[in-house]
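Peer 1: So here's input18.txt, just compact mmCIF, C-alpha atoms and all ligand atoms:
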# COMPACT_ATOMS: atom_id res chain seq x y z
CA MET A 1 85.25 101.30 131.09
CA VAL A 2 82.65 100.52 128.47
CA VAL A 3 82.65 99.37 124.85
CA VAL A 4 79.85 100.11 122.38
CA ILE A 5 78.83 97.84 119.53
CA LYS A 6 76.79 99.67 116.94
CA LYS A 7 75.19 98.28 113.79
CA THR A 8 75.20 100.80 110.96
CA LYS A 9 74.96 101.30 107.21
CA LEU A 10 77.09 103.58 105.05
CA LYS A 11 74.15 105.96 104.53
CA ASN A 12 73.63 106.30 108.32
CA ILE A 13 77.23 106.19 109.42
CA ASP A 14 77.64 109.88 110.42
CA LYS A 15 74.67 109.73 112.78
CA ASP A 16 75.57 106.28 114.13
CA VAL A 17 79.23 107.13 114.83
CA ALA A 18 78.24 110.32 116.67
CA GLN A 19 75.63 108.39 118.67
CA ALA A 20 78.09 105.57 119.54
CA LEU A 21 80.68 108.07 120.78
CA GLN A 22 78.07 109.85 122.88
CA GLN A 23 77.03 106.49 124.36
CA ILE A 24 80.59 105.89 125.62
CA LYS A 25 80.79 109.55 126.70
CA TYR A 26 83.73 110.32 124.45
CA GLN A 27 84.77 113.88 123.74
CA PRO A 28 88.21 114.97 122.51
CA LYS A 29 90.32 116.39 125.32
CA LYS A 30 92.72 118.20 122.98
CA LYS A 31 92.13 120.59 120.08
CA LYS A 32 94.58 118.77 117.83
CA VAL A 33 93.61 115.23 116.86
CA MET A 34 95.48 112.49 114.99
CA ILE A 35 93.34 109.81 113.35
CA LYS A 36 95.31 106.63 112.57
CA PRO A 37 93.47 104.33 110.13
CA ASN A 38 94.82 101.00 108.84
CA LEU A 39 96.08 101.48 105.28
CA VAL A 40 98.70 98.82 104.57
CA TYR A 41 98.53 99.30 100.82
CA GLY A 42 96.34 100.87 98.16
CA THR A 43 93.19 98.80 97.82
CA GLY A 44 89.41 99.22 97.83
CA ALA A 45 87.24 100.35 100.73
CA LYS A 46 85.16 97.15 100.50
CA SER A 47 88.16 94.81 100.57
CA GLY A 48 88.07 94.49 104.36
CA ILE A 49 91.82 95.15 104.28
CA ILE A 50 91.75 98.89 104.92
CA THR A 51 89.76 101.19 107.18
CA HIS A 52 86.72 102.33 105.25
CA PRO A 53 87.12 106.08 104.46
CA LYS A 54 83.42 106.67 105.25
CA LEU A 55 84.11 105.79 108.88
CA VAL A 56 86.99 108.27 109.06
CA GLU A 57 84.76 110.85 107.34
CA ALA A 58 82.13 110.34 110.06
CA LEU A 59 84.83 110.83 112.72
CA ILE A 60 86.01 114.04 111.03
CA LYS A 61 82.43 115.40 111.04
CA PHE A 62 82.09 114.50 114.73
CA LEU A 63 85.44 116.13 115.65
CA GLN A 64 84.80 119.27 113.63
CA LYS A 65 81.86 120.02 115.94
CA PHE A 66 84.52 120.46 118.66
CA ASP A 67 86.60 122.74 116.38
CA CYS A 68 89.41 120.21 116.28
CA GLU A 69 92.39 120.50 113.96
CA ILE A 70 92.60 117.05 112.40
CA THR A 71 95.47 115.05 110.90
CA ILE A 72 95.04 111.64 109.27
CA ALA A 73 98.31 109.81 109.85
CA GLU A 74 99.49 106.46 108.50
CA GLY A 75 102.69 104.75 107.43
CA SER A 76 101.99 102.21 104.70
CA GLY A 77 103.47 98.70 104.80
CA VAL A 78 107.07 98.05 103.78
CA GLY A 79 107.52 98.63 100.04
CA HIS A 80 104.45 100.82 99.62
CA ASN A 81 104.44 104.60 99.20
CA THR A 82 102.12 106.22 101.77
CA LYS A 83 101.30 109.16 99.48
CA GLN A 84 100.17 106.74 96.74
CA VAL A 85 98.26 104.69 99.31
CA PHE A 86 96.39 107.81 100.53
CA LYS A 87 95.49 108.51 96.91
CA LYS A 88 94.39 104.98 95.96
CA THR A 89 92.31 104.45 99.10
CA GLY A 90 90.38 107.72 98.74
CA TYR A 91 92.02 109.40 101.73
CA GLU A 92 93.63 112.15 99.67
CA ASN A 93 90.19 113.21 98.39
CA LEU A 94 88.77 112.96 101.89
CA ALA A 95 91.51 115.22 103.31
CA ASN A 96 90.95 117.79 100.54
CA LYS A 97 87.18 117.74 101.03
CA TYR A 98 87.39 118.54 104.76
CA GLY A 99 90.61 120.56 104.83
CA VAL A 100 92.37 118.07 107.12
CA LYS A 101 96.08 117.25 106.98
CA LEU A 102 97.69 114.00 105.84
CA LEU A 103 100.87 112.80 107.54
CA ASP A 104 103.19 110.03 106.32
CA LEU A 105 104.26 108.20 109.47
CA ASN A 106 107.08 106.46 107.57
CA THR A 107 108.93 109.74 107.17
CA CYS A 108 107.58 111.97 109.97
CA GLU A 109 109.59 113.58 112.81
CA ARG A 110 110.21 111.23 115.73
CA ASN A 111 111.16 111.24 119.42
CA GLU A 112 113.05 108.50 121.19
CA HIS A 113 111.29 106.62 124.00
CA LYS A 114 112.45 103.87 126.34
CA TRP A 115 110.75 100.55 125.87
CA LYS A 116 111.22 96.90 126.82
CA TYR A 117 113.78 96.32 124.07
CA GLY A 118 115.89 99.48 124.48
CA LYS A 119 114.86 102.64 122.68
CA ILE A 120 112.09 103.16 120.14
CA LYS A 121 111.32 106.16 117.94
CA LEU A 122 107.67 107.26 117.90
CA PRO A 123 106.00 110.02 115.87
CA LYS A 124 106.44 113.48 117.43
CA ILE A 125 102.81 114.26 116.62
CA LEU A 126 101.79 112.01 119.52
CA ASP A 127 103.30 114.53 121.97
CA ASP A 128 100.51 117.08 121.64
CA HIS A 129 97.70 115.37 119.69
CA GLU A 130 94.70 113.38 120.82
CA TYR A 131 95.19 109.94 119.23
CA ILE A 132 92.31 108.00 117.67
CA ASN A 133 93.11 104.50 116.47
CA VAL A 134 90.79 103.21 113.69
CA PRO A 135 91.75 99.61 112.83
CA THR A 136 89.77 97.05 110.87
CA LEU A 137 88.25 93.84 112.20
CA LYS A 138 90.42 91.20 110.56
CA THR A 139 92.40 88.05 111.00
CA HIS A 140 96.16 87.81 110.61
CA THR A 141 98.48 84.88 109.93
CA ILE A 142 101.08 85.85 112.55
CA THR A 143 99.10 87.51 115.36
CA THR A 144 95.78 85.64 114.63
CA VAL A 145 93.86 88.96 114.61
CA THR A 146 94.81 92.52 113.82
CA LEU A 147 92.82 95.14 115.73
CA GLY A 148 93.81 98.32 117.62
CA THR A 149 96.91 96.93 119.33
CA LYS A 150 98.41 95.54 116.13
CA ASN A 151 97.40 98.66 114.14
CA GLN A 152 99.87 100.61 116.28
CA LYS A 153 102.68 98.95 114.30
CA GLY A 154 101.81 101.52 111.61
CA LEU A 155 103.21 104.22 113.93
CA LEU A 156 106.73 102.93 113.27
CA ASP A 157 109.24 103.63 110.55
CA TRP A 158 110.22 100.80 108.19
CA PRO A 159 113.44 99.71 109.95
CA THR A 160 111.58 99.42 113.27
CA LYS A 161 108.66 97.60 111.59
CA LYS A 162 111.14 95.09 110.19
CA SER A 163 112.88 94.71 113.56
CA PHE A 164 109.56 93.60 115.11
CA HIS A 165 109.82 90.43 113.02
CA THR A 166 113.24 89.69 114.51
CA ILE A 167 112.05 90.28 118.11
CA GLY A 168 108.76 88.47 117.45
CA VAL A 169 105.63 90.34 116.38
CA ASP A 170 103.41 89.32 119.32
CA LYS A 171 105.99 90.32 121.94
CA SER A 172 106.98 93.59 120.30
CA VAL A 173 103.43 94.76 119.54
CA ARG A 174 102.48 94.02 123.17
CA ALA A 175 105.52 95.98 124.44
CA LEU A 176 104.69 98.90 122.13
CA ALA A 177 101.31 99.19 123.85
CA ASP A 178 103.17 99.77 127.14
CA VAL A 179 104.63 102.95 125.63
CA VAL A 180 101.70 104.29 123.62
CA GLN A 181 97.91 103.85 123.79
CA PRO A 182 95.17 105.76 121.96
CA ASP A 183 92.53 107.96 123.63
CA LEU A 184 89.87 106.27 121.54
CA THR A 185 89.69 103.11 119.43
CA VAL A 186 86.99 102.72 116.78
CA ILE A 187 87.10 99.35 115.02
CA ASN A 188 85.91 99.43 111.43
CA ALA A 189 83.68 96.38 111.04
CA LEU A 190 81.82 97.62 107.95
CA TYR A 191 83.78 95.25 105.71
CA CYS A 192 86.13 92.84 107.46
CA LEU A 193 88.68 90.20 106.57
CA GLU A 194 88.64 86.55 107.59
CA GLY A 195 90.93 83.61 106.95
CA ASN A 196 94.17 84.20 105.10
CA SER A 197 95.19 87.31 103.27
CA ILE A 198 96.51 85.20 100.37
CA SER A 199 93.45 84.63 98.28
CA LEU A 200 92.29 84.40 94.70
CA LEU A 201 89.05 86.06 95.74
CA LYS A 202 87.97 89.24 97.46
CA THR A 203 87.37 88.33 101.07
CA GLY A 204 85.67 91.44 102.44
CA LYS A 205 83.11 90.19 104.95
CA LYS A 206 80.19 92.60 105.31
CA MET A 207 79.34 93.20 108.97
CA ASN A 208 77.92 96.78 108.87
CA MET A 209 79.14 97.54 112.35
CA ILE A 210 81.55 99.57 114.46
CA ILE A 211 83.00 98.77 117.88
CA ALA A 212 84.29 101.72 119.94
CA GLY A 213 85.84 102.26 123.34
CA GLN A 214 88.31 104.40 125.24
CA ASP A 215 90.37 101.41 126.38
CA MET A 216 92.13 99.78 123.41
CA PHE A 217 92.60 96.40 125.10
CA GLU A 218 88.91 96.22 126.05
CA THR A 219 87.82 97.23 122.54
CA ASP A 220 90.15 94.60 121.01
CA ASN A 221 88.76 91.99 123.41
CA ILE A 222 85.23 92.69 122.18
CA GLY A 223 86.61 92.43 118.63
CA ILE A 224 87.82 88.88 119.23
CA GLN A 225 84.57 87.97 120.97
CA VAL A 226 82.63 89.16 117.90
CA MET A 227 84.91 87.09 115.63
CA GLN A 228 84.67 84.13 118.06
CA THR A 229 88.45 83.82 118.04
CA ASP A 230 90.05 81.27 120.35
CA SER A 231 91.46 83.67 122.98
CA SER A 232 94.32 81.27 123.87
CA GLN A 233 95.80 82.15 120.44
CA ILE A 234 96.06 85.86 121.36
CA LYS A 235 99.47 86.84 122.71
CA HIS A 236 99.75 90.52 121.78
CA PHE A 237 97.15 91.95 124.18
CA PRO A 238 95.78 90.77 127.52
CA ILE A 239 92.53 88.83 127.64
CA ILE A 240 89.98 90.71 129.74
CA LYS A 241 86.74 89.18 130.97
CA ASP A 242 83.54 90.95 132.07
CA ILE A 243 83.74 94.04 129.90
CA LYS A 244 80.64 96.20 130.01
CA ILE A 245 79.08 96.32 126.54
CA ILE A 246 76.39 98.76 125.42
CA GLY A 247 74.49 98.96 122.13
CA GLU A 248 73.98 95.65 120.32
CA LYS A 249 73.88 92.40 122.27
CA LEU A 250 77.14 90.51 121.70
CA GLU A 251 75.32 87.22 120.94
CA LYS A 252 73.38 88.92 118.14
CA VAL A 253 76.47 90.11 116.26
CA GLN A 254 78.85 87.22 116.92
CA THR A 255 79.92 85.34 113.84
CA LYS A 256 82.69 82.81 113.49
CA PHE A 257 85.51 84.22 111.37
CA ALA A 258 87.50 81.68 109.35
CA GLU A 259 90.82 81.26 111.13
CA PRO A 260 94.00 82.16 109.32
CA GLN A 261 96.18 79.16 108.62
CA LYS A 262 99.73 79.88 109.76
CA ILE A 263 100.95 77.93 106.76
CA ARG A 264 98.62 78.24 103.79
CA LYS A 265 98.28 75.55 101.14
CA ILE A 266 96.59 75.57 97.75
CA LEU A 267 96.73 71.91 96.68
CA ASN A 268 100.50 71.18 96.37
CA ILE A 269 101.60 74.79 96.72
CA GLU A 270 102.60 75.83 100.23
CA PHE A 271 103.07 79.42 101.47
CA GLN A 272 105.44 79.92 104.38
CA MET A 273 105.04 83.70 104.60
CA ASN A 274 107.04 84.50 107.69
CA GLY A 275 108.16 88.04 106.87
CA CYS A 276 106.36 91.33 107.30
CA SER A 277 103.14 92.33 105.58
CA GLY A 278 105.12 93.79 102.64
CA CYS A 279 105.84 90.33 101.20
CA SER A 280 102.48 88.85 102.25
CA VAL A 281 100.58 91.71 100.64
CA ASN A 282 102.58 91.43 97.41
CA MET A 283 101.97 87.69 97.34
CA GLU A 284 98.26 88.47 97.65
CA ARG A 285 98.51 91.03 94.83
CA THR A 286 100.30 88.37 92.78
CA MET A 287 97.46 85.90 93.33
CA LYS A 288 94.88 88.50 92.32
CA LYS A 289 96.85 89.26 89.15
CA ILE A 290 97.05 85.54 88.35
CA ALA A 291 93.29 85.17 88.87
CA LYS A 292 92.66 87.75 86.12
CA HIS A 293 94.81 86.00 83.45
CA PRO A 294 93.41 82.65 82.23
CA LEU A 295 96.81 81.36 80.99
CA LEU A 296 98.57 82.23 84.21
CA LEU A 297 95.72 80.75 86.19
CA LEU A 298 96.03 77.53 84.18
CA LYS A 299 99.77 77.43 84.85
CA PHE A 300 99.19 78.05 88.56
CA PHE A 301 96.68 75.19 88.82
CA TYR A 302 98.98 72.91 86.81
CA LEU A 303 101.73 73.58 89.38
CA ALA A 304 99.29 73.23 92.26
CA LEU A 305 98.09 69.85 90.98
CA PHE A 306 101.26 68.23 89.65
CA LYS A 307 104.27 69.98 91.28
CA ASN A 308 105.46 70.48 94.79
CA ILE A 309 106.27 74.14 95.39
CA THR A 310 106.83 76.20 98.54
CA PHE A 311 106.96 80.00 98.69
CA VAL A 312 109.03 81.33 101.58
CA SER A 313 109.40 84.88 102.91
CA GLY A 314 111.20 86.14 106.03
CA HIS A 315 114.47 85.20 107.69
CA SER A 316 113.57 81.62 108.63
CA LEU A 317 111.26 78.73 107.89
CA LYS A 318 108.09 78.12 109.89
CA ARG A 319 108.51 74.40 109.54
CA GLU A 320 110.74 71.96 107.68
CA LEU A 321 110.43 71.93 103.93
CA ARG A 322 108.49 69.08 102.40
CA LYS A 323 110.50 66.36 100.69
CA GLY A 324 111.33 67.15 97.06
CA THR A 325 109.77 70.61 97.18
CA LYS A 326 110.96 73.37 94.87
CA VAL A 327 111.34 76.50 96.97
CA ILE A 328 110.68 80.00 95.65
CA TYR A 329 112.29 82.46 98.04
CA VAL A 330 110.53 85.84 98.15
CA GLY A 331 112.37 89.03 99.12
CA ILE A 332 115.73 90.12 100.42
CA CYS A 333 115.12 88.68 103.91
CA THR A 334 115.54 85.20 102.38
CA GLN A 335 119.01 86.04 101.04
CA LYS A 336 120.82 83.87 103.60
CA ILE A 337 118.50 80.87 103.71
CA SER A 338 118.28 80.82 99.91
CA ASN A 339 122.03 81.01 99.29
CA ASN A 340 121.39 84.20 97.34
CA LYS A 341 118.80 82.61 95.03
CA TYR A 342 115.76 84.70 95.83
CA ILE A 343 113.32 87.02 94.07
CA GLN A 344 114.86 90.42 94.56
CA GLY A 345 113.07 93.29 96.23
CA CYS A 346 111.77 94.43 99.58
CA PRO A 347 109.13 93.36 98.86
CA PRO A 348 109.46 91.94 95.31
CA GLU A 349 106.92 93.28 92.83
CA PRO A 350 104.14 90.86 91.77
CA ASP A 351 105.50 90.75 88.20
CA LEU A 352 108.79 89.32 89.49
CA ILE A 353 106.94 86.70 91.54
CA ILE A 354 104.87 85.82 88.45
CA GLU A 355 108.11 85.49 86.44
CA ALA A 356 109.38 82.95 88.98
CA ILE A 357 106.07 81.07 88.74
CA ARG A 358 106.31 80.99 84.95
CA LYS A 359 109.79 79.46 85.21
CA ALA A 360 108.84 76.88 87.84
S1 LIG B 401 111.81 91.34 102.06
FE1 LIG B 401 109.67 91.12 102.54
S2 LIG B 401 109.61 90.30 104.61
FE2 LIG B 401 111.64 91.15 104.29
S3 LIG B 401 111.48 93.25 105.08
FE3 LIG B 401 111.14 93.31 102.83
S4 LIG B 401 108.92 93.21 102.65
FE4 LIG B 401 109.41 92.54 104.74
Re-express the file's structure as structure tokens.
Peer 2:
Amino acid sequence: MVVVIKKTKLKNIDKDVAQALQQIKYQPKKKKVMIKPNLVYGTGAKSGIITHPKLVEALIKFLQKFDCEITIAEGSGVGHNTKQVFKKTGYENLANKYGVKLLDLNTCERNEHKWKYGKIKLPKILDDHEYINVPTLKTHTITTVTLGTKNQKGLLDWPTKKSFHTIGVDKSVRALADVVQPDLTVINALYCLEGNSISLLKTGKKMNMIIAGQDMFETDNIGIQVMQTDSSQIKHFPIIKDIKIIGEKLEKVQTKFAEPQKIRKILNIEFQMNGCSGCSVNMERTMKKIAKHPLLLLKFFYLALFKNITFVSGHSLKRELRKGTKVIYVGICTQKISNNKYIQGCPPEPDLIIEAIRKA
């Protein structure tokens, strides 16, 4: 197959998306289409965390030329309400503007399918809809990158999402792709994310680009080549060489993305975020809240300079705790390893995490 790399700008995106899809000879085969963006939680279009709504708008305009009936479907990350996320990210307005449906994949009807680890429930809508996967070009602390293959985790309900962390995210995401694959993958590389998600700053990396193809693995492979990711780190999709690329020359758009550190450190504060994105995202929201309050920021840097603190999420530790460290356990998954002394919630709200920081 073939993958197209297309440079674009928000003002030209409708024309450029249509042109890119024509270049790879894509046309919807079904009248009903499900578009699956990446909306983990409610944040801004320029954050690099979510799929930019302008890209989905361009896809809607393209599909409406084929008289398609369109549904935008997503299941937000654990602890986040999909309806609120659609609202905060601008997708509710988008759906109203074009008369398309919104579907919450966390609560939708499901069918059981056989997969490597027994049985898995997938959204019923996949039975009769064309499926377009619209991930974002970004790095990830567990799977190194999160592109089309990892974006499929959003098809699952919360209990299944959580179970992926018990099986192992790489293995389970790879096995999921044996059961379901999209008809088209369009990677949003307008604003991207590099490094770690836990940051005091906005990390949206402006690339003004899309990458599209009808084979998700090939499209993801071009994604990692653009980010210059070490392919030996990728375990959740196969590495494919010699993919035919059209549009921009790969060498012209390649840029080294900062790698995510599996264990993040800010001076003496260590983050062992080994749970699902629910806790990682709320830790990131906590950091952003801290950054806006001078007194809290002062307290945080005092701890970072003079104390030895480790935040832990998930069922287990990624590595042994440092000597003399004070551990702040985040979320119900840490109940056992913390002997019941953890910040409550699934995931805990940022205010509760801040409370624990104040007391540290
Ligand atoms: S406590 Fe955190 S890591 Fe555990 S399931 Fe809830 S959100 Fe995920």
Peer 1: Rank A:Asn221, A:Ser163, A:Gln254, A:Asn38 by their smallest atom-to-atom distance to ligand LIG 401 (chain B), using only C-alpha atoms and all ligand atoms, and report the top residue only.
Peer 2: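 When distances to ligand LIG 401 (chain B) are compared using only C-alpha atoms and all ligand atoms, the smallest one comes from A:Ser163.
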Peer 1: Check which residues of chain A sit at most 8 Å from ligand LIG 401 (chain B) using only C-alpha atoms and all ligand atoms, and return one row each with the closest pair of atoms and their distance in Å to one decimal, ordered by chain and rising number, as CSV.
Peer 2:
residue,atom,partner,partner_atom,distance
A:Val78,CA,B:LIG401,S4,5.3
A:Gly79,CA,B:LIG401,S4,6.2
A:Lys162,CA,B:LIG401,S3,5.4
A:Asn274,CA,B:LIG401,S2,7.1
A:Gly275,CA,B:LIG401,S2,3.5
A:Cys276,CA,B:LIG401,FE4,4.2
A:Ser277,CA,B:LIG401,FE4,6.3
A:Gly278,CA,B:LIG401,S4,3.8
A:Cys279,CA,B:LIG401,FE1,4.1
A:Ser280,CA,B:LIG401,FE1,7.5
A:Ser313,CA,B:LIG401,S2,5.7
A:Gly314,CA,B:LIG401,S2,4.7
A:His315,CA,B:LIG401,FE2,7.4
A:Val330,CA,B:LIG401,S1,6.9
A:Gly331,CA,B:LIG401,S1,3.8
A:Ile332,CA,B:LIG401,S1,4.4
A:Cys333,CA,B:LIG401,FE2,4.3
A:Thr334,CA,B:LIG401,S1,7.2
A:Gly345,CA,B:LIG401,S1,6.3
A:Cys346,CA,B:LIG401,FE3,3.5
A:Pro347,CA,B:LIG401,S4,3.8
A:Pro348,CA,B:LIG401,S1,7.2
Peer 1: Could you tell me how far CA of Thr185 in chain A lies from CA of Glu112 in chain A, in Å and to one decimal?
Peer 2: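 These atoms are spaced 24.0 Å apart.
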Peer 1: So what do you get for CA of Gly77 in chain A versus CA of Glu259 in chain A, distance-wise?
Peer 2: 22.5 Å
Peer 1: Mind checking which residues fall within 12 Å of range 113-125 of chain A, counting all atoms listed in the file, ignoring those fewer than 3 positions away in the same chain, and posting them as a ChimeraX atom specification?
Peer 2: /A:32-36,70-75,102-110,128-131,152-161,163-164,166-168,171-181
Peer 1: Please indicate the distance in Å from CA of Arg319 in chain A to CA of Tyr302 in chain A, rounded to one decimal place.
Peer 2: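 It comes out at 24.7 Å.
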Peer 1: Which is closer to Lys241 in chain A than all the others in A:Gly213, A:Glu218, A:Pro260, A:Glu320, using all atoms listed in the file?
Peer 2: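 Of all the options, A:Glu218 lies closest to Lys241 in chain A.
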Peer 1: So that I can check the surroundings of Ala189 in chain A, please list as a ChimeraX atom specification every protein, DNA and RNA residue that reaches within 9 Å of it, counting all atoms listed in the file and ignoring chain neighbours fewer than 3 positions away.
Peer 2: /A:48,51-52,135-138,192,205-211
Peer 1: Restricting the calculation to only C-alpha atoms, which member of A:Glu355, A:Asp170, A:Glu270, A:Glu248 is positioned closest to Leu305 in chain A?
Peer 2: A:Glu270
Peer 1: Ranking A:Leu317, A:Ile343, A:Leu297, A:Ala356 by minimum distance to Lys262 in chain A and counting only C-alpha atoms, which one comes first?
Peer 2: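 Closest candidate: A:Leu317.
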Peer 1: Using only C-alpha atoms, find the one residue out of A:Ile239, A:Leu193, A:Val226, A:Val327 that sits nearest to Asn339 in chain A.
Peer 2: A:Val327
Peer 1: I want to know what sits within 8 Å of Phe257 in chain A, based on all atoms listed in the file, with residues of the same chain fewer than 5 positions away left out; could you give that as a list in words?
Peer 2: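 Surrounding residues, per the criterion: Thr139, Glu194, Gly195, Met227, Gln228 and Thr229 of chain A.
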Peer 1: Could you check which of A:Thr43, A:Asn188, A:Thr149, A:Gln23 is closest to Ala58 in chain A, using only C-alpha atoms?
Peer 2: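 Comparing A:Thr43, A:Asn188, A:Thr149, A:Gln23 against Ala58 in chain A, the winner is A:Asn188.
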Peer 1: Output range 315-332 of chain A with N, CA and C atoms present, as a PDB file, in the coordinates of the input.
Peer 2:
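The resulting file, result-v2.pdb, is shown below:
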ATOM      1  N   HIS A 315     113.096  85.651 107.430  1.00  0.00           N
ATOM      2  CA  HIS A 315     114.470  85.200 107.690  1.00  0.00           C
ATOM      3  C   HIS A 315     114.579  83.693 107.899  1.00  0.00           C
ATOM      4  N   SER A 316     113.476  83.054 108.285  1.00  0.00           N
ATOM      5  CA  SER A 316     113.570  81.620 108.630  1.00  0.00           C
ATOM      6  C   SER A 316     112.332  80.872 108.172  1.00  0.00           C
ATOM      7  N   LEU A 317     112.399  79.559 108.280  1.00  0.00           N
ATOM      8  CA  LEU A 317     111.260  78.730 107.890  1.00  0.00           C
ATOM      9  C   LEU A 317     110.330  78.545 109.085  1.00  0.00           C
ATOM     10  N   LYS A 318     109.031  78.386 108.798  1.00  0.00           N
ATOM     11  CA  LYS A 318     108.090  78.120 109.890  1.00  0.00           C
ATOM     12  C   LYS A 318     108.118  76.650 110.260  1.00  0.00           C
ATOM     13  N   ARG A 319     108.338  75.824 109.273  1.00  0.00           N
ATOM     14  CA  ARG A 319     108.510  74.400 109.540  1.00  0.00           C
ATOM     15  C   ARG A 319     109.379  73.812 108.440  1.00  0.00           C
ATOM     16  N   GLU A 320     109.841  72.585 108.662  1.00  0.00           N
ATOM     17  CA  GLU A 320     110.740  71.960 107.680  1.00  0.00           C
ATOM     18  C   GLU A 320     110.111  71.912 106.291  1.00  0.00           C
ATOM     19  N   LEU A 321     110.949  72.000 105.301  1.00  0.00           N
ATOM     20  CA  LEU A 321     110.430  71.930 103.930  1.00  0.00           C
ATOM     21  C   LEU A 321     109.972  70.516 103.619  1.00  0.00           C
ATOM     22  N   ARG A 322     108.953  70.419 102.794  1.00  0.00           N
ATOM     23  CA  ARG A 322     108.490  69.080 102.400  1.00  0.00           C
ATOM     24  C   ARG A 322     109.522  68.422 101.495  1.00  0.00           C
ATOM     25  N   LYS A 323     109.532  67.098 101.515  1.00  0.00           N
ATOM     26  CA  LYS A 323     110.500  66.360 100.690  1.00  0.00           C
ATOM     27  C   LYS A 323     110.307  66.674  99.212  1.00  0.00           C
ATOM     28  N   GLY A 324     111.383  66.959  98.515  1.00  0.00           N
ATOM     29  CA  GLY A 324     111.330  67.150  97.060  1.00  0.00           C
ATOM     30  C   GLY A 324     110.691  68.457  96.628  1.00  0.00           C
ATOM     31  N   THR A 325     110.454  69.375  97.579  1.00  0.00           N
ATOM     32  CA  THR A 325     109.770  70.610  97.180  1.00  0.00           C
ATOM     33  C   THR A 325     110.722  71.578  96.478  1.00  0.00           C
ATOM     34  N   LYS A 326     110.184  72.296  95.489  1.00  0.00           N
ATOM     35  CA  LYS A 326     110.960  73.370  94.870  1.00  0.00           C
ATOM     36  C   LYS A 326     110.595  74.640  95.642  1.00  0.00           C
ATOM     37  N   VAL A 327     111.624  75.330  96.141  1.00  0.00           N
ATOM     38  CA  VAL A 327     111.340  76.500  96.970  1.00  0.00           C
ATOM     39  C   VAL A 327     111.523  77.779  96.151  1.00  0.00           C
ATOM     40  N   ILE A 328     110.537  78.665  96.253  1.00  0.00           N
ATOM     41  CA  ILE A 328     110.680  80.000  95.650  1.00  0.00           C
ATOM     42  C   ILE A 328     110.822  80.985  96.818  1.00  0.00           C
ATOM     43  N   TYR A 329     112.017  81.537  96.953  1.00  0.00           N
ATOM     44  CA  TYR A 329     112.290  82.460  98.040  1.00  0.00           C
ATOM     45  C   TYR A 329     111.891  83.872  97.619  1.00  0.00           C
ATOM     46  N   VAL A 330     111.134  84.544  98.490  1.00  0.00           N
ATOM     47  CA  VAL A 330     110.530  85.840  98.150  1.00  0.00           C
ATOM     48  C   VAL A 330     111.143  86.948  99.020  1.00  0.00           C
ATOM     49  N   GLY A 331     111.887  87.847  98.399  1.00  0.00           N
ATOM     50  CA  GLY A 331     112.370  89.030  99.120  1.00  0.00           C
ATOM     51  C   GLY A 331     113.753  88.890  99.720  1.00  0.00           C
ATOM     52  N   ILE A 332     114.335  90.048  99.969  1.00  0.00           N
ATOM     53  CA  ILE A 332     115.730  90.120 100.420  1.00  0.00           C
ATOM     54  C   ILE A 332     115.975  89.441 101.771  1.00  0.00           C
TER      55      ILE A 332
END
